[in-house]
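Data block for structure_22.cif (mmCIF, C-alpha atoms):
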```
data_start
loop_
_atom_site.group_PDB
_atom_site.id
_atom_site.type_symbol
_atom_site.label_atom_id
_atom_site.label_comp_id
_atom_site.auth_asym_id
_atom_site.auth_seq_id
_atom_site.Cartn_x
_atom_site.Cartn_y
_atom_site.Cartn_z
ATOM 1 C CA MET G 114 -23.661 -14.078 -11.860
ATOM 2 C CA LYS G 115 -22.418 -12.661 -8.567
ATOM 3 C CA ILE G 116 -21.337 -16.139 -7.462
ATOM 4 C CA PHE G 117 -19.261 -16.407 -10.617
ATOM 5 C CA PHE G 118 -17.389 -13.171 -9.867
ATOM 6 C CA LEU G 119 -16.794 -14.214 -6.259
ATOM 7 C CA ILE G 120 -15.279 -17.500 -7.452
ATOM 8 C CA VAL G 121 -13.079 -15.492 -9.847
ATOM 9 C CA LEU G 122 -11.964 -13.343 -6.903
ATOM 10 C CA ILE G 123 -11.008 -16.378 -4.833
ATOM 11 C CA THR G 124 -9.156 -18.012 -7.724
ATOM 12 C CA ILE G 125 -7.088 -14.907 -8.484
ATOM 13 C CA THR G 126 -6.276 -14.555 -4.780
ATOM 14 C CA LEU G 127 -4.965 -18.128 -4.792
ATOM 15 C CA LEU G 128 -2.851 -17.215 -7.837
ATOM 16 C CA ILE G 129 -1.418 -14.272 -5.867
ATOM 17 C CA VAL G 130 -0.336 -16.777 -3.199
ATOM 18 C CA VAL G 131 1.618 -18.692 -5.842
ATOM 19 C CA TYR G 132 3.423 -15.523 -6.946
ATOM 20 C CA LEU G 133 3.989 -14.579 -3.328
ATOM 21 C CA TYR G 134 5.848 -17.838 -2.773
ATOM 22 C CA ARG G 135 8.263 -16.835 -5.524
ATOM 23 C CA VAL G 136 8.670 -13.336 -4.085
ATOM 24 C CA MET G 137 9.412 -14.732 -0.624
ATOM 25 C CA ARG G 138 11.643 -17.661 -1.495
ATOM 26 C CA GLY G 139 13.056 -16.514 -4.850
ATOM 27 C CA PRO G 140 16.757 -17.293 -4.844
ATOM 28 C CA THR G 141 17.722 -14.218 -6.897
ATOM 29 C CA VAL G 142 16.442 -10.666 -6.988
ATOM 30 C CA PHE G 143 15.161 -11.187 -10.538
ATOM 31 C CA ASP G 144 12.764 -13.881 -9.335
ATOM 32 C CA ARG G 145 11.404 -11.449 -6.803
ATOM 33 C CA VAL G 146 10.993 -8.674 -9.378
ATOM 34 C CA LEU G 147 9.114 -11.004 -11.720
ATOM 35 C CA GLY G 148 6.948 -12.201 -8.836
ATOM 36 C CA LEU G 149 6.131 -8.621 -7.889
ATOM 37 C CA ASN G 150 5.171 -7.860 -11.489
ATOM 38 C CA GLY G 151 2.890 -10.902 -11.537
ATOM 39 C CA ILE G 152 1.268 -9.850 -8.278
ATOM 40 C CA SER G 153 0.612 -6.371 -9.627
ATOM 41 C CA THR G 154 -1.059 -7.659 -12.799
ATOM 42 C CA LYS G 155 -3.278 -9.907 -10.672
ATOM 43 C CA ALA G 156 -4.041 -6.935 -8.425
ATOM 44 C CA ILE G 157 -5.141 -4.878 -11.444
ATOM 45 C CA ILE G 158 -7.530 -7.619 -12.552
ATOM 46 C CA LEU G 159 -8.771 -8.090 -8.982
ATOM 47 C CA LEU G 160 -9.584 -4.375 -8.770
ATOM 48 C CA VAL G 161 -11.674 -4.524 -11.940
ATOM 49 C CA VAL G 162 -13.481 -7.643 -10.688
ATOM 50 C CA ILE G 163 -14.172 -5.953 -7.326
ATOM 51 C CA GLY G 164 -15.589 -3.009 -9.275
ATOM 52 C CA THR G 165 -17.834 -5.401 -11.194
ATOM 53 C CA VAL G 166 -19.075 -6.955 -7.954
ATOM 54 C CA TYR G 167 -19.899 -3.499 -6.583
ATOM 55 C CA GLY G 168 -21.365 -2.314 -9.900
ATOM 56 C CA ARG G 169 -18.986 0.655 -10.167
ATOM 57 C CA VAL G 170 -16.608 -0.539 -12.872
ATOM 58 C CA ASP G 171 -15.993 2.951 -14.312
ATOM 59 C CA MET G 172 -14.426 4.169 -11.078
ATOM 60 C CA PHE G 173 -12.328 1.066 -10.469
ATOM 61 C CA VAL G 174 -10.961 1.014 -14.024
ATOM 62 C CA ASP G 175 -9.392 4.419 -13.349
ATOM 63 C CA ILE G 176 -7.673 3.120 -10.244
ATOM 64 C CA SER G 177 -6.372 0.022 -11.963
ATOM 65 C CA THR G 178 -4.972 2.177 -14.770
ATOM 66 C CA GLY G 179 -3.128 4.292 -12.197
ATOM 67 C CA TYR G 180 -1.899 1.083 -10.613
ATOM 68 C CA ALA G 181 -0.519 -0.150 -13.915
ATOM 69 C CA LEU G 182 1.284 3.138 -14.649
ATOM 70 C CA ILE G 183 2.850 3.354 -11.202
ATOM 71 C CA ASN G 184 3.842 -0.294 -11.371
ATOM 72 C CA LEU G 185 5.745 0.463 -14.570
ATOM 73 C CA VAL G 186 7.621 3.288 -12.810
ATOM 74 C CA GLY G 187 8.494 0.956 -9.923
ATOM 75 C CA SER G 188 9.768 -1.743 -12.277
ATOM 76 C CA LEU G 189 11.887 0.814 -14.131
ATOM 77 C CA ALA G 190 13.384 2.011 -10.844
ATOM 78 C CA ILE G 191 14.264 -1.544 -9.839
ATOM 79 C CA ALA G 192 15.837 -2.242 -13.224
ATOM 80 C CA LYS G 193 17.843 0.988 -13.031
ATOM 81 C CA TYR G 194 19.004 0.092 -9.530
ATOM 82 C CA LEU G 195 20.179 -3.364 -10.568
ATOM 83 C CA GLU G 196 21.953 -1.989 -13.634
ATOM 84 C CA GLU G 197 23.838 0.688 -11.706
ATOM 85 C CA ARG G 198 24.767 -1.709 -8.938
ATOM 86 C CA ARG G 199 26.274 -4.080 -11.487
ATOM 87 C CA GLU G 200 28.319 -1.224 -12.953
ATOM 88 C CA LEU G 201 29.497 -0.379 -9.466
ATOM 89 C CA ALA G 202 30.532 -4.000 -8.861
ATOM 90 C CA ASN G 203 32.432 -4.032 -12.177
ATOM 91 C CA ASP G 204 34.264 -0.855 -11.215
ATOM 92 C CA ALA G 205 35.328 -2.400 -7.932
ATOM 93 C CA ASP G 206 36.898 -5.429 -9.658
ATOM 94 C CA MET Q 294 -22.032 -7.992 1.589
ATOM 95 C CA ILE Q 295 -22.280 -11.317 3.410
ATOM 96 C CA PHE Q 296 -19.255 -12.845 1.758
ATOM 97 C CA SER Q 297 -16.187 -11.628 3.649
ATOM 98 C CA PHE Q 298 -13.496 -11.551 1.009
ATOM 99 C CA GLU Q 299 -11.299 -9.395 3.247
ATOM 100 C CA ILE Q 300 -10.247 -12.394 5.343
ATOM 101 C CA PRO Q 301 -8.069 -14.071 2.652
ATOM 102 C CA LEU Q 302 -6.713 -10.611 1.793
ATOM 103 C CA LEU Q 303 -5.831 -9.977 5.435
ATOM 104 C CA ILE Q 304 -4.111 -13.372 5.650
ATOM 105 C CA LEU Q 305 -2.042 -12.382 2.592
ATOM 106 C CA LEU Q 306 -1.272 -9.084 4.315
ATOM 107 C CA LEU Q 307 0.044 -10.879 7.404
ATOM 108 C CA LEU Q 308 2.125 -13.225 5.225
ATOM 109 C CA THR Q 309 3.770 -10.375 3.328
ATOM 110 C CA ALA Q 310 4.423 -8.366 6.498
ATOM 111 C CA ALA Q 311 6.067 -11.381 8.149
ATOM 112 C CA GLY Q 312 8.079 -12.064 4.990
ATOM 113 C CA ALA Q 313 9.410 -8.492 4.895
ATOM 114 C CA ILE Q 314 10.718 -8.943 8.426
ATOM 115 C CA ILE Q 315 12.153 -12.444 7.963
ATOM 116 C CA VAL Q 316 13.928 -11.983 4.626
ATOM 117 C CA LYS Q 317 17.731 -11.702 4.546
ATOM 118 C CA ASP Q 318 18.672 -8.674 2.412
ATOM 119 C CA LEU Q 319 17.092 -5.253 2.213
ATOM 120 C CA ILE Q 320 16.266 -5.141 -1.502
ATOM 121 C CA SER Q 321 14.112 -8.258 -1.146
ATOM 122 C CA ALA Q 322 12.437 -6.658 1.866
ATOM 123 C CA VAL Q 323 11.678 -3.594 -0.270
ATOM 124 C CA LEU Q 324 10.106 -5.753 -2.984
ATOM 125 C CA ILE Q 325 8.022 -7.689 -0.449
ATOM 126 C CA LEU Q 326 6.861 -4.382 1.044
ATOM 127 C CA GLY Q 327 5.710 -3.444 -2.465
ATOM 128 C CA SER Q 328 3.518 -6.536 -2.618
ATOM 129 C CA TYR Q 329 2.296 -5.711 0.908
ATOM 130 C CA SER Q 330 1.095 -2.336 -0.358
ATOM 131 C CA PHE Q 331 -0.683 -3.974 -3.300
ATOM 132 C CA VAL Q 332 -2.584 -6.296 -0.962
ATOM 133 C CA LEU Q 333 -3.392 -3.418 1.391
ATOM 134 C CA ALA Q 334 -4.757 -1.386 -1.520
ATOM 135 C CA LEU Q 335 -6.949 -4.364 -2.447
ATOM 136 C CA VAL Q 336 -8.279 -4.444 1.134
ATOM 137 C CA TRP Q 337 -9.156 -0.748 0.946
ATOM 138 C CA ALA Q 338 -10.839 -1.230 -2.441
ATOM 139 C CA TRP Q 339 -12.885 -4.139 -1.093
ATOM 140 C CA LEU Q 340 -14.005 -2.089 1.922
ATOM 141 C CA GLY Q 341 -15.190 0.653 -0.452
ATOM 142 C CA ALA Q 342 -12.526 3.278 0.344
ATOM 143 C CA VAL Q 343 -11.561 3.763 -3.279
ATOM 144 C CA ASP Q 344 -9.553 6.963 -2.842
ATOM 145 C CA VAL Q 345 -7.535 5.492 0.017
ATOM 146 C CA ALA Q 346 -6.838 2.464 -2.160
ATOM 147 C CA PHE Q 347 -5.603 4.740 -4.921
ATOM 148 C CA VAL Q 348 -3.261 6.619 -2.579
ATOM 149 C CA GLU Q 349 -1.972 3.361 -1.107
ATOM 150 C CA ALA Q 350 -1.255 1.983 -4.575
ATOM 151 C CA VAL Q 351 0.461 5.125 -5.838
ATOM 152 C CA VAL Q 352 2.399 6.101 -2.709
ATOM 153 C CA GLY Q 353 2.910 2.758 -0.982
ATOM 154 C CA ALA Q 354 3.601 0.493 -3.918
ATOM 155 C CA GLY Q 355 5.071 3.025 -6.336
ATOM 156 C CA LEU Q 356 6.767 5.992 -4.717
ATOM 157 C CA ALA Q 357 7.879 4.272 -1.506
ATOM 158 C CA THR Q 358 9.561 1.487 -3.498
ATOM 159 C CA VAL Q 359 11.374 4.029 -5.649
ATOM 160 C CA PHE Q 360 12.523 6.042 -2.620
ATOM 161 C CA PHE Q 361 13.687 2.926 -0.780
ATOM 162 C CA LEU Q 362 15.674 1.887 -3.838
ATOM 163 C CA LEU Q 363 17.258 5.338 -4.142
ATOM 164 C CA THR Q 364 18.263 5.144 -0.475
ATOM 165 C CA LEU Q 365 19.737 1.674 -0.977
ATOM 166 C CA PHE Q 366 21.657 2.878 -3.983
ATOM 167 C CA ASN Q 367 23.224 5.718 -2.047
ATOM 168 C CA ALA Q 368 24.128 3.431 0.859
ATOM 169 C CA SER Q 369 27.266 1.306 0.853
ATOM 170 C CA PRO Q 370 26.841 -2.426 0.040
ATOM 171 C CA LYS Q 371 27.603 -3.585 3.576
ATOM 172 C CA ASP Q 372 24.695 -1.514 4.875
ATOM 173 C CA THR Q 373 22.175 -3.319 2.679
ATOM 174 C CA GLU Q 374 22.485 -6.595 4.579
ATOM 175 C CA ILE Q 375 20.555 -7.158 7.753
ATOM 176 C CA ARG Q 376 22.489 -8.117 10.860
ATOM 177 C CA ARG Q 377 19.979 -9.487 13.313
ATOM 178 C CA GLN Q 378 20.145 -8.871 17.010
ATOM 179 C CA PRO Q 379 18.656 -11.554 19.261
ATOM 180 C CA VAL Q 380 15.156 -10.559 20.316
ATOM 181 C CA PRO Q 381 15.037 -9.528 23.986
ATOM 182 C CA PHE Q 382 12.884 -11.582 26.304
ATOM 183 C CA ILE Q 383 10.711 -8.634 27.311
ATOM 184 C CA ALA Q 384 9.683 -8.132 23.664
ATOM 185 C CA PHE Q 385 8.598 -11.785 23.412
ATOM 186 C CA LEU Q 386 6.500 -11.322 26.531
ATOM 187 C CA GLY Q 387 5.296 -7.747 26.124
ATOM 188 C CA LEU Q 388 4.332 -7.418 22.451
ATOM 189 C CA PRO Q 389 1.775 -10.295 22.380
ATOM 190 C CA MET Q 390 0.220 -8.878 25.549
ATOM 191 C CA LEU Q 391 0.041 -5.454 23.890
ATOM 192 C CA GLY Q 392 -1.608 -7.054 20.865
ATOM 193 C CA LEU Q 393 -4.163 -8.784 23.100
ATOM 194 C CA LEU Q 394 -4.904 -5.470 24.817
ATOM 195 C CA LEU Q 395 -5.455 -3.768 21.446
ATOM 196 C CA LEU Q 396 -7.748 -6.598 20.291
ATOM 197 C CA PHE Q 397 -9.680 -6.245 23.557
ATOM 198 C CA ALA Q 398 -9.998 -2.486 22.987
ATOM 199 C CA ALA Q 399 -11.125 -3.067 19.388
ATOM 200 C CA GLU Q 400 -14.273 -4.721 20.788
ATOM 201 C CA ASP Q 401 -15.510 -1.237 21.716
ATOM 202 C CA LEU Q 402 -15.173 0.165 18.185
ATOM 203 C CA PRO Q 403 -18.456 0.744 16.324
ATOM 204 C CA GLU Q 404 -19.601 -1.802 13.773
ATOM 205 C CA PHE Q 405 -18.510 -1.387 10.164
ATOM 206 C CA SER Q 406 -20.914 1.007 8.340
ATOM 207 C CA ASP Q 407 -22.845 1.712 11.552
ATOM 208 C CA PRO Q 408 -24.961 4.862 10.969
ATOM 209 C CA LYS Q 409 -24.917 5.702 14.704
ATOM 210 C CA SER Q 410 -21.142 5.624 15.094
ATOM 211 C CA PRO Q 411 -19.613 8.849 16.482
ATOM 212 C CA ALA Q 412 -17.920 9.646 13.182
ATOM 213 C CA SER Q 413 -21.257 9.676 11.338
ATOM 214 C CA VAL Q 414 -23.298 11.724 13.838
ATOM 215 C CA HIS Q 415 -20.839 14.480 14.776
ATOM 216 C CA VAL Q 416 -20.381 16.884 11.838
ATOM 217 C CA SER Q 417 -20.953 14.671 8.787
ATOM 218 C CA PRO Q 418 -24.746 15.324 8.509
ATOM 219 C CA GLU Q 419 -24.129 19.068 8.650
ATOM 220 C CA TYR Q 420 -21.520 18.856 5.904
ATOM 221 C CA LEU Q 421 -23.778 16.724 3.734
ATOM 222 C CA GLU Q 422 -26.872 18.906 4.198
ATOM 223 C CA GLN Q 423 -25.506 22.453 4.217
ATOM 224 C CA SER Q 424 -22.178 22.420 2.401
ATOM 225 C CA TYR Q 425 -23.686 23.560 -0.901
ATOM 226 C CA GLN Q 426 -25.530 26.535 0.616
ATOM 227 C CA LYS Q 427 -22.517 27.564 2.669
ATOM 228 C CA THR Q 428 -19.650 27.065 0.258
ATOM 229 C CA ASP Q 429 -21.177 26.963 -3.269
ATOM 230 C CA THR Q 430 -19.067 23.920 -4.097
ATOM 231 C CA GLU Q 431 -20.798 21.020 -5.791
ATOM 232 C CA ASN Q 432 -18.464 18.315 -4.520
ATOM 233 C CA VAL Q 433 -18.807 17.661 -0.789
ATOM 234 C CA VAL Q 434 -15.299 16.260 -0.436
ATOM 235 C CA THR Q 435 -13.834 19.342 -2.100
ATOM 236 C CA SER Q 436 -15.811 21.680 0.123
ATOM 237 C CA VAL Q 437 -14.632 19.875 3.274
ATOM 238 C CA LEU Q 438 -11.037 19.831 2.055
ATOM 239 C CA MET Q 439 -10.779 23.381 0.761
ATOM 240 C CA ASP Q 440 -13.343 25.335 2.825
ATOM 241 C CA TYR Q 441 -14.046 23.705 6.185
ATOM 242 C CA ARG Q 442 -10.466 22.479 6.623
ATOM 243 C CA GLY Q 443 -8.653 25.043 4.503
ATOM 244 C CA PHE Q 444 -5.832 25.785 6.949
ATOM 245 C CA ASP Q 445 -5.219 22.064 7.437
ATOM 246 C CA THR Q 446 -4.872 21.584 3.689
ATOM 247 C CA LEU Q 447 -2.677 24.672 3.338
ATOM 248 C CA ILE Q 448 -0.167 23.492 5.936
ATOM 249 C CA GLU Q 449 -0.251 19.933 4.580
ATOM 250 C CA THR Q 450 0.708 21.359 1.208
ATOM 251 C CA ALA Q 451 3.572 23.270 2.842
ATOM 252 C CA VAL Q 452 4.789 20.055 4.497
ATOM 253 C CA ILE Q 453 4.691 18.114 1.234
ATOM 254 C CA PHE Q 454 6.460 20.949 -0.605
ATOM 255 C CA THR Q 455 9.223 20.983 2.038
ATOM 256 C CA ALA Q 456 9.594 17.217 1.773
ATOM 257 C CA GLY Q 457 9.852 17.488 -2.003
ATOM 258 C CA ILE Q 458 12.583 20.131 -1.764
ATOM 259 C CA ALA Q 459 14.469 18.003 0.774
ATOM 260 C CA CYS Q 460 14.289 14.947 -1.516
ATOM 261 C CA ALA Q 461 15.478 16.981 -4.503
ATOM 262 C CA LEU Q 462 18.409 18.343 -2.500
ATOM 263 C CA LEU Q 463 19.412 14.948 -1.117
ATOM 264 C CA LEU Q 464 19.152 13.086 -4.409
ATOM 265 C CA ARG Q 465 21.119 15.508 -6.552
ATOM 266 C CA ARG Q 466 23.581 13.539 -8.637
ATOM 267 C CA ASP Q 467 26.396 16.113 -8.870
ATOM 268 C CA SER Q 468 26.471 16.913 -5.161
ATOM 269 C CA LYS Q 469 29.909 15.359 -4.699
#
```

Starting from the file, lay out its structure as structure tokens.
Amino acid sequence: MKIFFLIVLITITLLIVVYLYRVMRGPTVFDRVLGLNGISTKAIILLVVIGTVYGRVDMFVDISTGYALINLVGSLAIAKYLEERRELANDAD
Amino acid sequence: MIFSFEIPLLILLLLTAAGAIIVKDLISAVLILGSYSFVLALVWAWLGAVDVAFVEAVVGAGLATVFFLLTLFNASPKDTEIRRQPVPFIAFLGLPMLGLLLLFAAEDLPEFSDPKSPASVHVSPEYLEQSYQKTDTENVVTSVLMDYRGFDTLIETAVIFTAGIACALLLRRDSK
């Protein structure tokens, strides 16, 4: 069973690489934001799987919940930033 | 744990750090730094430092991103692009040598989870054995933080409070 979880870990890490490509290369900022969101969801799942490997799921579930909440705040801040910057650009025209 | 899962995580860490330096505009660099913090928190979680992982996720990936974005918003648009200077020759020569020196010095560090390392033989056994009799606190971490290192924690709190006031003053909307 441990082998199974390790393979899951490796697979999700490979998925993070795919998202990371979009964050690095992404032509627009929106691509990067979406890539960051994808990475954070994979990180949440990875945390729970790491907790399963160590046999301390209860502790790691708390952390991943905090992760998810903070990630929401970060996404909101980015969205707010983009919105206000667009308004600023419209004012300048 | 024989399987060293931290190696692919550390490779990801290097990739994101390099990407944050290479990328063209600052907002993308901020986003890539966010993913860097996520990977770093995963490294901490894998090494068993759960509380450090939590702080890295909350402060590094959440708060730092928000603060960077607030700074970018208050800066003018021409400041958010990166104008690169050519790298001086001495940096090309000196920084890899410095890295090699640090790697060489890292050979002398104690092994991971070595019970005879200096950090585990100095005061840790005393804390673990006598903290309940001395401080009447059930949690060892709390007793170290609030009793043995009380002044440290007090002044840390003062520093964080000052930083919070400074942020609130700087980010006021109607300060024009």

Just need the residues of chain Q within 9 Å of chain G, counting all atoms listed in the file, so spit them out as a PyMOL selection string.
-> chain Q and resi 296+298+301-302+305+308-309+312-313+316+320-322+324-325+327-328+331-332+334-335+338-339+341+343-344+346-347+350-352+354-356+358-359+362-363+365-366

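Atom to atom, CA of Lys317 in chain Q and CA of Asp372 in chain Q stand 12.3 Å apart.
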
Kindly list the centre and edge lengths in Å, rounded to one decimal, for the axis-aligned box that covers all listed atoms of range 169-181 of chain G plus 3 Å on each of its six sides, as AutoDock Vina command-line options.
```
--center_x -9.8 --center_y 1.9 --center_z -12.5 --size_x 24.5 --size_y 11.0 --size_z 10.6
```

Figure out the distance between CA of Pro418 in chain Q and CA of Thr450 in chain Q, please, to one decimal in Å.
-> 27.2 Å

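Nearest to Arg442 in chain Q of all the residues Q:Tyr420, Q:Val345, Q:Pro408, Q:Ala399 is Q:Tyr420, based on all atoms listed in the file.
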
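Coordinates place CA of Ala342 in chain Q at a distance of 21.6 Å from CA of Glu422 in chain Q.
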
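Comparing the minimum interatomic distances between Leu147 in chain G and each of G:Ala192, G:Val161, G:Arg199, G:Met114, counting only C-alpha atoms, we find that G:Ala192 sits nearest.
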
Is it possible to add N, CA, C and O atoms to range 426-449 of chain Q and hand it back as a compact mmCIF listing (two decimals), keeping the file's coordinate frame?
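Once written, part-v3.txt looks like this:
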```
# COMPACT_ATOMS: atom_id res chain seq x y z
N GLN Q 426 -25.07 25.18 0.32
CA GLN Q 426 -25.53 26.54 0.62
C GLN Q 426 -24.39 27.38 1.18
O GLN Q 426 -24.30 28.57 0.92
N LYS Q 427 -23.53 26.76 1.99
CA LYS Q 427 -22.52 27.56 2.67
C LYS Q 427 -21.31 27.85 1.79
O LYS Q 427 -20.68 28.90 1.94
N THR Q 428 -20.93 26.90 0.95
CA THR Q 428 -19.65 27.06 0.26
C THR Q 428 -19.79 27.16 -1.25
O THR Q 428 -18.79 27.44 -1.92
N ASP Q 429 -20.98 26.91 -1.82
CA ASP Q 429 -21.18 26.96 -3.27
C ASP Q 429 -20.24 26.03 -4.01
O ASP Q 429 -19.80 26.34 -5.11
N THR Q 430 -19.90 24.90 -3.41
CA THR Q 430 -19.07 23.92 -4.10
C THR Q 430 -19.90 22.66 -4.29
O THR Q 430 -20.52 22.18 -3.36
N GLU Q 431 -19.90 22.14 -5.52
CA GLU Q 431 -20.80 21.02 -5.79
C GLU Q 431 -20.31 19.73 -5.18
O GLU Q 431 -21.11 18.87 -4.81
N ASN Q 432 -19.00 19.56 -5.06
CA ASN Q 432 -18.46 18.32 -4.52
C ASN Q 432 -18.27 18.46 -3.02
O ASN Q 432 -17.60 19.39 -2.56
N VAL Q 433 -18.86 17.54 -2.25
CA VAL Q 433 -18.81 17.66 -0.79
C VAL Q 433 -17.38 17.48 -0.29
O VAL Q 433 -16.92 18.20 0.60
N VAL Q 434 -16.67 16.52 -0.88
CA VAL Q 434 -15.30 16.26 -0.44
C VAL Q 434 -14.43 17.49 -0.65
O VAL Q 434 -13.65 17.90 0.21
N THR Q 435 -14.61 18.14 -1.82
CA THR Q 435 -13.83 19.34 -2.10
C THR Q 435 -14.17 20.45 -1.12
O THR Q 435 -13.28 21.17 -0.66
N SER Q 436 -15.45 20.60 -0.79
CA SER Q 436 -15.81 21.68 0.12
C SER Q 436 -15.24 21.43 1.51
O SER Q 436 -14.78 22.36 2.17
N VAL Q 437 -15.23 20.16 1.96
CA VAL Q 437 -14.63 19.88 3.27
C VAL Q 437 -13.14 20.14 3.23
O VAL Q 437 -12.56 20.76 4.13
N LEU Q 438 -12.50 19.72 2.13
CA LEU Q 438 -11.04 19.83 2.06
C LEU Q 438 -10.59 21.28 1.91
O LEU Q 438 -9.64 21.72 2.57
N MET Q 439 -11.27 22.05 1.09
CA MET Q 439 -10.78 23.38 0.76
C MET Q 439 -11.43 24.49 1.57
O MET Q 439 -10.85 25.56 1.71
N ASP Q 440 -12.66 24.27 2.09
CA ASP Q 440 -13.34 25.34 2.82
C ASP Q 440 -13.36 25.09 4.33
O ASP Q 440 -12.86 25.89 5.10
N TYR Q 441 -13.94 23.94 4.74
CA TYR Q 441 -14.05 23.70 6.18
C TYR Q 441 -12.67 23.47 6.80
O TYR Q 441 -12.42 23.86 7.94
N ARG Q 442 -11.79 22.78 6.07
CA ARG Q 442 -10.47 22.48 6.62
C ARG Q 442 -9.38 23.12 5.77
O ARG Q 442 -8.37 22.50 5.46
N GLY Q 443 -9.57 24.38 5.41
CA GLY Q 443 -8.65 25.04 4.50
C GLY Q 443 -7.26 25.20 5.06
O GLY Q 443 -6.27 24.93 4.39
N PHE Q 444 -7.15 25.60 6.36
CA PHE Q 444 -5.83 25.78 6.95
C PHE Q 444 -5.08 24.47 7.04
O PHE Q 444 -3.86 24.41 6.79
N ASP Q 445 -5.82 23.40 7.39
CA ASP Q 445 -5.22 22.06 7.44
C ASP Q 445 -4.59 21.71 6.09
O ASP Q 445 -3.42 21.31 6.01
N THR Q 446 -5.37 21.91 5.02
CA THR Q 446 -4.87 21.58 3.69
C THR Q 446 -3.68 22.46 3.30
O THR Q 446 -2.72 21.98 2.71
N LEU Q 447 -3.77 23.76 3.68
CA LEU Q 447 -2.68 24.67 3.34
C LEU Q 447 -1.36 24.21 3.96
O LEU Q 447 -0.32 24.12 3.29
N ILE Q 448 -1.41 23.86 5.26
CA ILE Q 448 -0.17 23.49 5.94
C ILE Q 448 0.30 22.11 5.48
O ILE Q 448 1.50 21.87 5.36
N GLU Q 449 -0.64 21.22 5.17
CA GLU Q 449 -0.25 19.93 4.58
C GLU Q 449 0.52 20.15 3.28
O GLU Q 449 1.55 19.51 3.05
```
